[in-house]
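Reproduced below: data.cif, with mmCIF, C-alpha atoms.
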data_final
#
loop_
_atom_site.label_atom_id
_atom_site.label_comp_id
_atom_site.auth_asym_id
_atom_site.auth_seq_id
_atom_site.Cartn_x
_atom_site.Cartn_y
_atom_site.Cartn_z
CA MET I 165 30.10 104.19 121.64
CA SER I 166 28.81 107.34 123.24
CA ALA I 167 27.93 106.28 126.74
CA VAL I 168 30.87 107.04 128.98
CA VAL I 169 30.44 105.55 132.41
CA HIS I 170 32.44 107.31 135.07
CA LEU I 171 33.29 105.09 137.95
CA ALA I 172 35.30 105.89 141.01
CA THR I 173 35.49 109.63 141.25
CA PRO I 174 39.12 110.72 141.19
CA GLY I 175 40.45 110.99 144.69
CA ARG I 176 38.13 108.41 146.11
CA ARG I 177 40.99 105.94 146.26
CA GLY I 178 42.32 107.34 149.50
CA PRO I 179 45.70 109.04 149.32
CA ASP I 180 46.56 111.09 146.27
CA LEU I 181 48.87 108.88 144.24
CA GLU I 182 50.90 111.68 142.70
CA GLU I 183 51.65 113.06 146.13
CA LEU I 184 52.69 109.62 147.32
CA VAL I 185 55.05 109.13 144.38
CA ALA I 186 56.60 112.55 145.03
CA LYS I 187 57.30 111.45 148.61
CA VAL I 188 58.58 108.06 147.49
CA ALA I 189 61.04 109.83 145.17
CA PHE I 190 62.62 111.27 148.28
CA GLY I 191 62.89 107.94 150.03
CA ASP I 192 59.70 107.99 152.11
CA GLN I 193 59.12 104.33 152.93
CA ASP I 194 55.71 104.90 154.55
CA ALA I 195 54.51 106.63 151.40
CA PHE I 196 55.81 103.69 149.40
CA GLY I 197 53.88 101.32 151.67
CA HIS I 198 50.65 103.22 150.94
CA LEU I 199 51.40 103.31 147.23
CA TYR I 200 52.06 99.58 147.32
CA ASP I 201 48.68 98.94 148.95
CA VAL I 202 46.91 100.72 146.10
CA VAL I 203 48.83 99.38 143.10
CA ALA I 204 50.04 95.89 144.10
CA GLY I 205 46.71 94.15 143.43
CA PRO I 206 46.36 95.50 139.89
CA VAL I 207 50.10 94.93 139.23
CA LEU I 208 50.01 91.30 140.34
CA GLY I 209 46.70 90.71 138.56
CA LEU I 210 47.95 91.99 135.23
CA ILE I 211 51.23 90.09 135.44
CA ARG I 212 49.40 86.93 136.41
CA ARG I 213 47.08 87.35 133.46
CA VAL I 214 50.08 87.53 131.12
CA LEU I 215 52.36 84.93 132.73
CA ARG I 216 49.78 82.56 134.24
CA ASP I 217 52.34 81.00 136.54
CA PRO I 218 51.67 82.21 140.12
CA ALA I 219 55.27 81.96 141.39
CA GLN I 220 56.80 83.72 138.39
CA SER I 221 54.10 86.35 138.58
CA GLU I 222 54.97 87.17 142.17
CA GLU I 223 58.65 87.45 141.29
CA VAL I 224 57.92 89.84 138.46
CA ALA I 225 55.50 91.84 140.62
CA GLN I 226 58.27 92.18 143.20
CA GLU I 227 60.68 93.40 140.53
CA VAL I 228 58.12 95.92 139.35
CA MET I 229 57.55 97.31 142.83
CA LEU I 230 61.30 97.67 143.39
CA GLU I 231 61.50 99.43 140.02
CA VAL I 232 58.75 101.81 141.15
CA TRP I 233 60.76 102.59 144.27
CA ARG I 234 63.98 103.04 142.32
CA THR I 235 62.59 105.21 139.54
CA ALA I 236 59.94 107.22 141.40
CA ALA I 237 61.92 110.38 140.61
CA ARG I 238 61.49 109.62 136.93
CA TYR I 239 57.70 109.80 137.13
CA ARG I 240 56.26 112.85 135.34
CA PRO I 241 52.60 113.69 136.11
CA GLU I 242 52.20 115.50 132.79
CA ARG I 243 52.86 112.21 131.01
CA GLY I 244 50.00 110.38 132.62
CA ALA I 245 48.49 109.12 135.84
CA VAL I 246 50.45 107.14 138.41
CA MET I 247 48.40 104.02 137.82
CA ALA I 248 49.10 104.14 134.07
CA TRP I 249 52.82 104.58 134.75
CA VAL I 250 52.99 101.64 137.15
CA MET I 251 50.86 99.39 134.97
CA THR I 252 53.02 100.22 131.95
CA LEU I 253 56.11 99.16 133.92
CA ALA I 254 54.33 96.00 135.01
CA HIS I 255 53.18 95.11 131.51
CA ARG I 256 56.62 95.78 130.04
CA ARG I 257 58.24 93.45 132.59
CA ALA I 258 55.65 90.74 132.14
CA VAL I 259 56.07 90.85 128.37
CA ASP I 260 59.87 90.79 128.68
CA ARG I 261 59.58 87.71 130.82
CA VAL I 262 57.26 86.02 128.35
CA ARG I 263 59.59 86.78 125.46
CA SER I 264 62.83 85.82 127.18
CA ALA I 265 64.46 82.66 125.97
CA GLN I 266 63.73 81.18 129.34
CA ALA I 267 60.05 81.76 129.07
CA ALA I 268 59.92 80.73 125.43
CA SER I 269 60.62 77.19 126.49
CA ASP I 270 57.77 77.50 128.95
CA ARG I 271 55.29 78.39 126.24
CA GLU I 272 53.78 74.95 126.24
CA GLN I 273 53.54 74.91 129.98
CA ARG I 274 51.90 78.28 129.71
CA ALA I 275 49.39 76.92 127.28
CA ALA I 276 48.77 74.01 129.61
CA ALA I 277 48.28 76.44 132.48
CA GLU I 278 45.61 78.29 130.53
CA SER I 279 42.97 76.24 132.24
CA HIS I 280 44.27 77.20 135.67
CA LEU I 281 42.88 80.67 135.82
CA PRO I 282 42.94 82.32 139.23
CA ALA I 283 40.42 80.72 141.53
CA TYR I 284 37.39 82.83 142.06
CA ASP I 285 38.28 83.75 145.63
CA GLU I 286 41.68 85.01 144.50
CA VAL I 287 40.11 87.73 142.44
CA ALA I 288 39.76 90.90 144.41
CA GLU I 289 36.11 91.19 145.10
CA GLN I 290 35.77 94.72 146.27
CA VAL I 291 32.70 96.31 144.75
CA GLU I 292 34.81 98.89 142.97
CA ASN I 293 36.84 96.21 141.29
CA ARG I 294 33.77 94.34 140.17
CA LEU I 295 32.38 97.50 138.61
CA GLU I 296 35.70 98.14 136.94
CA ARG I 297 35.69 94.69 135.40
CA GLU I 298 32.14 95.06 134.22
CA GLN I 299 32.92 98.36 132.58
CA VAL I 300 36.02 97.01 130.86
CA ARG I 301 34.06 94.00 129.65
CA ARG I 302 31.30 96.24 128.34
CA CYS I 303 33.76 98.47 126.51
CA LEU I 304 35.61 95.49 125.04
CA SER I 305 32.34 94.09 123.76
CA GLY I 306 31.85 97.30 121.80
CA LEU I 307 34.88 96.51 119.63
CA THR I 308 34.82 94.53 116.41
CA GLU I 309 36.11 90.99 116.84
CA ILE I 310 39.47 91.69 115.20
CA GLN I 311 39.92 94.88 117.20
CA ARG I 312 39.13 93.09 120.42
CA GLU I 313 41.25 90.03 119.68
CA SER I 314 44.25 92.07 118.59
CA VAL I 315 44.17 94.23 121.72
CA THR I 316 43.58 91.40 124.16
CA LEU I 317 46.05 88.93 122.59
CA ALA I 318 48.76 91.57 122.74
CA TYR I 319 47.91 92.99 126.13
CA TYR I 320 46.65 90.07 128.17
CA ARG I 321 48.76 87.37 126.52
CA GLY I 322 51.94 89.23 125.64
CA TYR I 323 51.95 88.28 121.95
CA SER I 324 53.83 90.48 119.49
CA TYR I 325 51.65 92.03 116.83
CA ARG I 326 53.29 89.73 114.28
CA GLU I 327 52.18 86.73 116.32
CA VAL I 328 48.73 88.28 116.64
CA ALA I 329 48.56 88.67 112.85
CA GLU I 330 49.51 85.01 112.40
CA LEU I 331 47.08 83.80 115.02
CA LEU I 332 44.21 85.72 113.49
CA GLY I 333 45.28 85.12 109.89
CA VAL I 334 45.18 88.83 109.13
CA PRO I 335 47.87 90.90 107.30
CA LEU I 336 50.34 92.79 109.48
CA GLY I 337 49.23 96.22 108.31
CA THR I 338 45.64 95.40 109.14
CA ILE I 339 46.53 94.30 112.66
CA LYS I 340 48.39 97.55 113.33
CA THR I 341 45.42 99.67 112.36
CA ARG I 342 42.85 97.40 114.02
CA MET I 343 44.82 97.49 117.25
CA ARG I 344 44.92 101.27 117.10
CA ASP I 345 41.23 101.57 116.16
CA GLY I 346 40.34 99.25 119.02
CA LEU I 347 42.33 101.30 121.51
CA ILE I 348 40.71 104.52 120.28
CA ARG I 349 37.31 103.01 120.94
CA LEU I 350 38.39 101.72 124.34
CA ARG I 351 39.85 105.09 125.26
CA ASP I 352 36.61 106.84 124.38
CA CYS I 353 34.41 104.25 126.06
CA LEU I 354 36.47 104.23 129.25
CA GLY I 355 36.60 108.02 129.28
CA VAL I 356 40.36 108.30 129.64
CA GLY I 357 40.88 110.74 126.75
CA THR I 358 42.06 114.23 127.49
CA MET L 60 58.65 103.09 106.97
CA THR L 61 56.71 106.27 106.19
CA VAL L 62 55.59 108.71 108.86
CA ALA L 63 51.98 107.66 108.34
CA ASP L 64 53.00 104.03 108.86
CA LEU L 65 54.81 104.98 112.04
CA HIS L 66 51.81 106.84 113.33
CA THR L 67 49.63 103.75 113.09
CA LEU L 68 52.05 101.97 115.42
CA THR L 69 50.80 103.86 118.49
CA GLY L 70 48.56 100.93 119.44
CA ALA L 71 51.20 98.25 118.94
CA TYR L 72 53.68 100.40 120.88
CA ALA L 73 51.32 100.93 123.82
CA THR L 74 50.65 97.18 124.03
CA HIS L 75 54.41 96.42 123.96
CA SER L 76 53.92 94.26 120.90
CA LEU L 77 56.56 95.79 118.60
CA SER L 78 59.90 94.15 117.91
CA GLU L 79 62.94 95.77 119.54
CA GLN L 80 63.99 97.46 116.29
CA GLU L 81 60.50 98.78 115.59
CA ARG L 82 60.24 100.03 119.14
CA GLN L 83 63.44 102.03 118.77
CA ASP L 84 62.34 103.45 115.40
CA PHE L 85 58.99 104.39 116.83
CA GLU L 86 60.50 106.05 119.90
CA ARG L 87 62.60 108.24 117.64
CA HIS L 88 59.45 109.22 115.81
CA LEU L 89 57.63 109.75 119.10
CA ALA L 90 60.15 112.33 120.24
CA ALA L 91 59.11 114.55 117.31
CA CYS L 92 55.38 113.77 117.25
CA PRO L 93 53.33 115.34 120.06
CA ALA L 94 50.09 113.90 118.64
CA CYS L 95 51.51 110.36 118.79
CA THR L 96 52.82 110.98 122.28
CA LEU L 97 49.39 112.04 123.46
CA GLU L 98 47.78 109.07 121.77
CA VAL L 99 50.22 106.65 123.38
CA GLN L 100 49.52 108.22 126.79
CA GLU L 101 45.79 107.84 126.32
CA PHE L 102 46.16 104.25 125.14
CA SER L 103 48.37 103.47 128.12
CA ALA L 104 45.73 104.90 130.43
CA ALA L 105 43.02 102.80 128.76
CA LEU L 106 45.20 99.68 128.94
CA ALA L 107 45.97 100.37 132.61
CA ARG L 108 42.22 100.09 133.16
CA LEU L 109 42.20 96.73 131.38
CA GLY L 110 45.03 95.66 133.65
CA SER L 111 43.44 97.00 136.83
CA ALA L 112 40.28 95.07 136.07
CA GLU L 113 42.38 91.94 136.64
CA ALA L 114 43.39 92.96 140.17
CA LEU L 115 44.05 90.12 142.59
CA VAL L 116 44.34 89.91 146.34
CA VAL L 117 48.08 90.06 147.02
CA PRO L 118 49.70 87.58 149.42
CA ALA L 119 50.94 89.41 152.51
CA GLU L 120 54.45 87.93 152.18
CA LEU L 121 54.94 89.82 148.94
CA LYS L 122 54.64 93.14 150.72
CA SER L 123 57.09 92.03 153.40
CA ARG L 124 59.59 91.02 150.71
CA VAL L 125 59.18 94.26 148.80
CA MET L 126 59.43 96.44 151.91
CA ALA L 127 62.54 94.53 152.99
CA GLY L 128 63.93 94.94 149.49
CA ILE L 129 63.64 98.69 149.14
CA SER L 130 66.01 99.39 152.00
CA SER L 131 68.88 98.19 149.84
CA VAL L 132 67.77 99.57 146.47
CA ARG L 133 69.29 102.97 145.86
CA GLN L 134 66.90 105.38 144.21
CA LEU L 135 67.50 107.55 141.18
CA ALA L 136 68.10 111.10 142.30
CA PRO L 137 65.18 113.47 141.68
CA GLY L 138 65.69 115.52 138.55
CA VAL L 139 67.86 113.15 136.50
CA ALA L 140 65.01 111.39 134.84
CA GLU L 141 65.02 112.95 131.40
CA GLU L 142 68.52 111.95 130.39
CA ALA L 143 68.06 108.45 131.60
CA THR L 144 65.01 107.88 129.44
CA THR L 145 65.72 109.85 126.31
CA THR L 146 69.41 109.42 125.59
CA ALA L 147 70.12 106.94 122.84
CA PRO L 148 71.14 103.54 124.13
CA GLY L 149 74.72 102.34 123.84
CA ARG L 150 77.85 101.95 125.84
CA GLY L 151 78.55 105.64 126.01
CA ARG L 152 75.25 106.30 127.61
CA LEU L 153 75.77 103.49 130.04
CA ARG L 154 79.00 105.04 131.27
CA ARG L 155 77.58 108.52 131.52
CA TYR L 156 74.70 107.48 133.56
CA LEU L 157 76.42 105.09 135.82
CA PRO L 158 77.27 107.40 138.69
CA ARG L 159 73.58 108.09 139.14
CA LEU L 160 72.54 104.53 138.70
CA ALA L 161 74.40 103.11 141.61
CA LEU L 162 71.73 100.67 142.54
CA ALA L 163 72.91 98.64 145.47
CA ALA L 164 73.24 95.40 143.63
CA SER L 165 72.35 93.04 146.40
CA VAL L 166 68.63 93.22 145.96
CA ALA L 167 68.81 93.19 142.20
CA VAL L 168 70.91 90.08 142.37
CA ALA L 169 68.53 88.55 144.82
CA ALA L 170 65.57 89.41 142.64
CA LEU L 171 67.27 88.11 139.53
CA LEU L 172 68.46 84.92 141.07
CA GLY L 173 65.10 84.46 142.66
CA GLY L 174 63.62 84.93 139.22
CA VAL L 175 65.60 82.61 137.05
CA ALA L 176 67.64 80.14 139.01
CA VAL L 177 64.65 78.26 140.25
CA GLN L 178 66.14 74.91 139.41
CA GLN L 179 69.30 75.73 141.29
CA HIS L 180 67.92 76.80 144.62
CA GLY L 181 70.82 75.88 146.86
CA GLN L 182 73.47 77.45 144.67
CA ALA L 183 71.39 80.49 144.02
CA ASP L 184 70.83 81.04 147.71
CA ARG L 185 74.54 80.89 148.37
CA ALA L 186 75.36 83.10 145.43
CA ARG L 187 72.73 85.56 146.54
CA ALA L 188 74.08 85.77 150.06
CA THR L 189 77.59 86.32 148.86
CA ALA L 190 76.57 88.56 146.04
CA SER L 191 74.96 90.93 148.48
CA ARG L 192 78.31 91.44 150.15
CA LEU L 193 80.29 91.75 146.96
CA ALA L 194 78.33 93.36 144.27
CA SER L 195 78.43 96.95 145.43
CA GLN L 196 82.04 96.96 144.27
CA GLN L 197 81.17 97.76 140.73
CA ALA L 198 78.74 100.38 139.59
CA ALA L 199 78.94 99.14 136.03
CA PHE L 200 77.95 95.75 137.22
CA SER L 201 75.00 97.21 139.09
CA SER L 202 73.85 98.98 135.99
CA LEU L 203 73.88 95.74 134.05
CA LEU L 204 71.65 94.22 136.69
CA THR L 205 68.98 96.79 136.02
CA ALA L 206 68.68 95.91 132.33
CA PRO L 207 65.10 94.78 131.77
CA ASP L 208 66.30 91.59 130.10
CA ALA L 209 69.09 90.80 132.58
CA ARG L 210 69.34 87.05 133.18
CA THR L 211 71.62 84.85 135.23
CA THR L 212 73.13 81.40 135.06
CA THR L 213 74.83 79.89 138.10
CA GLY L 214 77.37 77.10 138.34
CA SER L 215 79.70 75.68 140.95
CA ALA L 216 83.37 74.76 141.22
CA GLY L 217 84.26 72.89 144.37
CA SER L 218 82.76 74.87 147.22
CA GLY L 219 82.66 78.01 145.09
CA VAL L 220 79.85 79.46 143.06
CA GLY L 221 80.03 81.54 139.92
CA THR L 222 77.16 83.48 138.41
CA VAL L 223 77.07 85.13 135.03
CA VAL L 224 74.66 88.04 134.64
CA TYR L 225 73.97 88.99 131.06
CA SER L 226 71.78 91.27 129.00
CA GLN L 227 71.40 90.45 125.31
CA SER L 228 69.92 93.88 124.60
CA ARG L 229 73.04 95.56 125.98
CA GLY L 230 75.34 92.85 124.67
CA GLU L 231 77.09 92.81 128.04
CA ALA L 232 77.83 90.24 130.66
CA GLY L 233 79.21 90.32 134.18
CA PHE L 234 80.58 87.63 136.45
CA LEU L 235 80.12 87.19 140.19
CA ALA L 236 82.46 84.86 142.04
CA SER L 237 81.88 83.62 145.51
CA ASN L 238 84.34 81.42 147.38
CA LEU L 239 86.14 80.05 144.36
CA PRO L 240 89.27 78.12 145.38
CA THR L 241 91.97 80.51 146.62
CA LEU L 242 94.80 80.96 144.09
CA PRO L 243 98.53 81.47 144.64
CA SER L 244 99.57 85.07 144.03
CA ASP L 245 101.10 84.27 140.63
CA ARG L 246 97.81 82.92 139.28
CA THR L 247 94.53 84.56 138.32
CA TYR L 248 91.06 83.57 137.23
CA GLN L 249 90.45 84.53 133.64
CA LEU L 250 87.03 84.96 132.03
CA TRP L 251 86.34 84.02 128.42
CA TYR L 252 83.44 84.41 126.06
CA ASN L 253 82.66 81.01 124.62
CA ASP L 254 82.23 81.57 120.88
CA HIS L 255 80.89 78.09 120.33
CA GLY L 256 84.11 76.38 121.29
CA THR L 257 86.57 79.20 120.67
CA MET L 258 87.42 81.09 123.82
CA ARG L 259 87.72 84.89 123.59
CA PRO L 260 89.44 86.74 126.47
CA ALA L 261 86.95 88.72 128.58
CA GLY L 262 88.86 89.89 131.65
CA LEU L 263 90.75 88.84 134.76
CA LEU L 264 89.52 88.22 138.26
CA PRO L 265 92.53 87.85 140.53
CA ALA L 266 90.46 86.90 143.59
CA SER L 267 88.23 84.09 144.70
CA ASN L 268 85.44 86.52 145.51
CA GLY L 269 84.38 89.50 143.47
CA SER L 270 82.51 90.77 140.48
CA LEU L 271 83.50 92.24 137.18
CA LEU L 272 81.92 93.47 134.00
CA LEU L 273 83.38 91.38 131.20
CA THR L 274 85.40 93.21 128.57
CA GLY L 275 84.06 92.92 125.05
CA ARG L 276 80.52 92.30 123.90
CA ILE L 277 78.51 89.10 123.92
CA ASP L 278 78.36 89.14 120.10
CA GLY L 279 76.64 85.82 119.74
CA ALA L 280 78.74 83.98 122.33
CA ALA L 281 77.07 80.86 123.70
CA GLY L 282 78.21 81.55 127.24
CA ILE L 283 81.31 82.16 129.31
CA GLY L 284 84.14 80.03 130.63
CA VAL L 285 86.49 80.44 133.58
CA THR L 286 90.09 79.19 133.66
CA VAL L 287 93.09 79.58 135.96
CA GLU L 288 95.96 81.40 134.23
CA PRO L 289 99.32 82.90 135.12
CA ALA L 290 98.99 86.41 136.63
CA GLY L 291 98.43 88.84 133.79
CA GLY L 292 96.28 86.39 131.88
CA SER L 293 96.74 84.40 128.68
CA ARG L 294 95.73 84.82 125.06
CA THR L 295 94.25 81.37 124.89
CA PRO L 296 93.16 79.12 127.74
CA SER L 297 96.04 77.03 129.08
CA ALA L 298 93.69 74.32 130.34
CA ALA L 299 90.09 73.24 130.05
CA PRO L 300 87.69 75.65 131.75
CA MET L 301 86.92 74.90 135.38
CA MET L 302 83.50 76.40 134.82
CA LEU L 303 81.33 76.87 131.74
CA LEU L 304 78.12 78.86 132.03
CA SER L 305 75.80 79.19 129.08
CA PHE L 306 73.49 82.01 128.09
CA ALA L 307 69.98 80.62 128.04
#

When written as structure tokens, how does the structure in this file appear?
Amino acid sequence: MSAVVHLATPGRRGPDLEELVAKVAFGDQDAFGHLYDVVAGPVLGLIRRVLRDPAQSEEVAQEVMLEVWRTAARYRPERGAVMAWVMTLAHRRAVDRVRSAQAASDREQRAAAESHLPAYDEVAEQVENRLEREQVRRCLSGLTEIQRESVTLAYYRGYSYREVAELLGVPLGTIKTRMRDGLIRLRDCLGVGT
Amino acid sequence: MTVADLHTLTGAYATHSLSEQERQDFERHLAACPACTLEVQEFSAALARLGSAEALVVPAELKSRVMAGISSVRQLAPGVAEEATTTAPGRGRLRRYLPRLALAASVAVAALLGGVAVQQHGQADRARATASRLASQQAAFSSLLTAPDARTTTGSAGSGVGTVVYSQSRGEAGFLASNLPTLPSDRTYQLWYNDHGTMRPAGLLPASNGSLLLTGRIDGAAGIGVTVEPAGGSRTPSAAPMMLLSFA
């Protein structure tokens, strides 16, 4: 677990995201347009991974971007990077949608849609993104099976940790610690610790 | 739950996999635990990488819709963030933070209706158009629309459309009327919570267009009903509801 691979050097992603958010907080629509260009792909991708349904995913992505615009003044750099803030908002919304009564009735449809993963050409194929995916995959493969399953079932599928415990047939307390252990390993492998 | 137990919840918290009650308990703990806060931040950063690895090419129309949307979403003022995120939830907080949260409701309504009323396209479109003209009337209503779990149900009465917006986490509901039949001046629309057949008074709407935050809490109600009553309202419905909208 020692090899930390550093990818995109900070700042290589064009405009400085913190600066953009500061401008957005004061109503700068151009800055918001630039911010959108950087974060919309990851936002939509994550939501789509959780919800599966393309139309619902776009709706939720739109809600998230409007939330970013509305709450830009709430962003605090000392609490984490812009991308982490936006992706946390996106994940929260996607999970809320999955858990809503509405979506609960769609669970079966969701399961049926499992096979309809995004077509290959829909996946952003920039080199940077491919490297990112490879690194994430490599770091995930360094986890124990229960660590990996508990993190990915919760994060990519929107299951509660109780559901994860049931699915994996593991006691609740164990899931909590495995999830945390898995995230510690991921954090160290991805080099996002402070 | 012991403090040690709470500390092990950092992972479940960062993946949004706690129940609502556990999340609230953990957030209270978080406020007094800098180590947990740091850990949650680091986990969120790691998870953001997992999310970013899933990036997709975004359809161009989405950007057009978002850019069109922001012009009518009012932003939080810089510098008010802390109170909004750290004050305990509840009605008191809602009131206090309303003046700052005057989101122009039109876009929120549009987004919400776009999100949930898929099976009712025509009605939703009409309600959306009208809602955009009406909804700025009530800041409280706007605030309800920003609840993360806000949902809507739309129904029609003649040429009119009624939409209930509700948030189970806040226990609150609001009603949007658009082009309901015009009433004589001695009559009013009255809103009711439908407690599984028993109607509980929830406010008056003396106009065929408008929005109001219902009085009283959802408290397990199955939905809302609308009746026509003498001006001033009634204690119990004087006729069968002209509209019944259920909470999903």

With the file shown as input, list the residues that the PyMOL selection byres ((chain L) within 7 of (chain I)) selects, as a ChimeraX atom specification.
/L:67-71,74-77,100-105,107,109-117,125,129,132-138,140,170,174,208,307

Rounded to one decimal in Å, what is the spacing between atom CA of L:Pro296 and atom CA of L:Thr211?
23.5 Å

Selection in question (the file shown): the PyMOL selection byres ((chain L and resi 261-270) around 6). Which residues does it include, as a VMD selection string?
chain L and resid 193 234 to 239 241 247 to 251 260 271 273 to 274

For atom CA of L:Val99 and atom CA of I:Glu309, the interatomic separation in Å (one decimal)
22.1 Å

How big is the axis-aligned box, and where does its centre sit, when it encloses all atoms of stretch 228-241 of chain I listed in the file and has 3 Å added on every side, reported in Å to one decimal as lines of an AutoDock Vina configuration file?
center_x = 58.3
center_y = 104.8
center_z = 139.8
size_x = 17.4
size_y = 23.8
size_z = 14.9

Name all residues at most 12 Å from L:Arg276 (count all atoms listed in the file; drop same-chain ones fewer than 5 positions away) and give them as a ChimeraX atom specification.
/L:149-150,225-233,251-254,259-262,281-283

Tell me, in Å to one decimal, how far atom CA of L:Met302 is from atom CA of L:Ala216.
6.6 Å

Let me make sure I understand: among L:Gly279, L:Pro243, L:Lys122, L:Leu106, which one has the smallest atom-to-atom distance to I:Val202 if we use all atoms listed in the file?
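The closest residue to I:Val202 is L:Lys122.
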
For this structure, which residues satisfy the selection - the PyMOL selection byres ((chain L and resi 66) around 12) - when it is evaluated on the file as given? I want them as a ChimeraX atom specification.
/I:340-341,344 /L:60-65,67-72,84-89,91-99
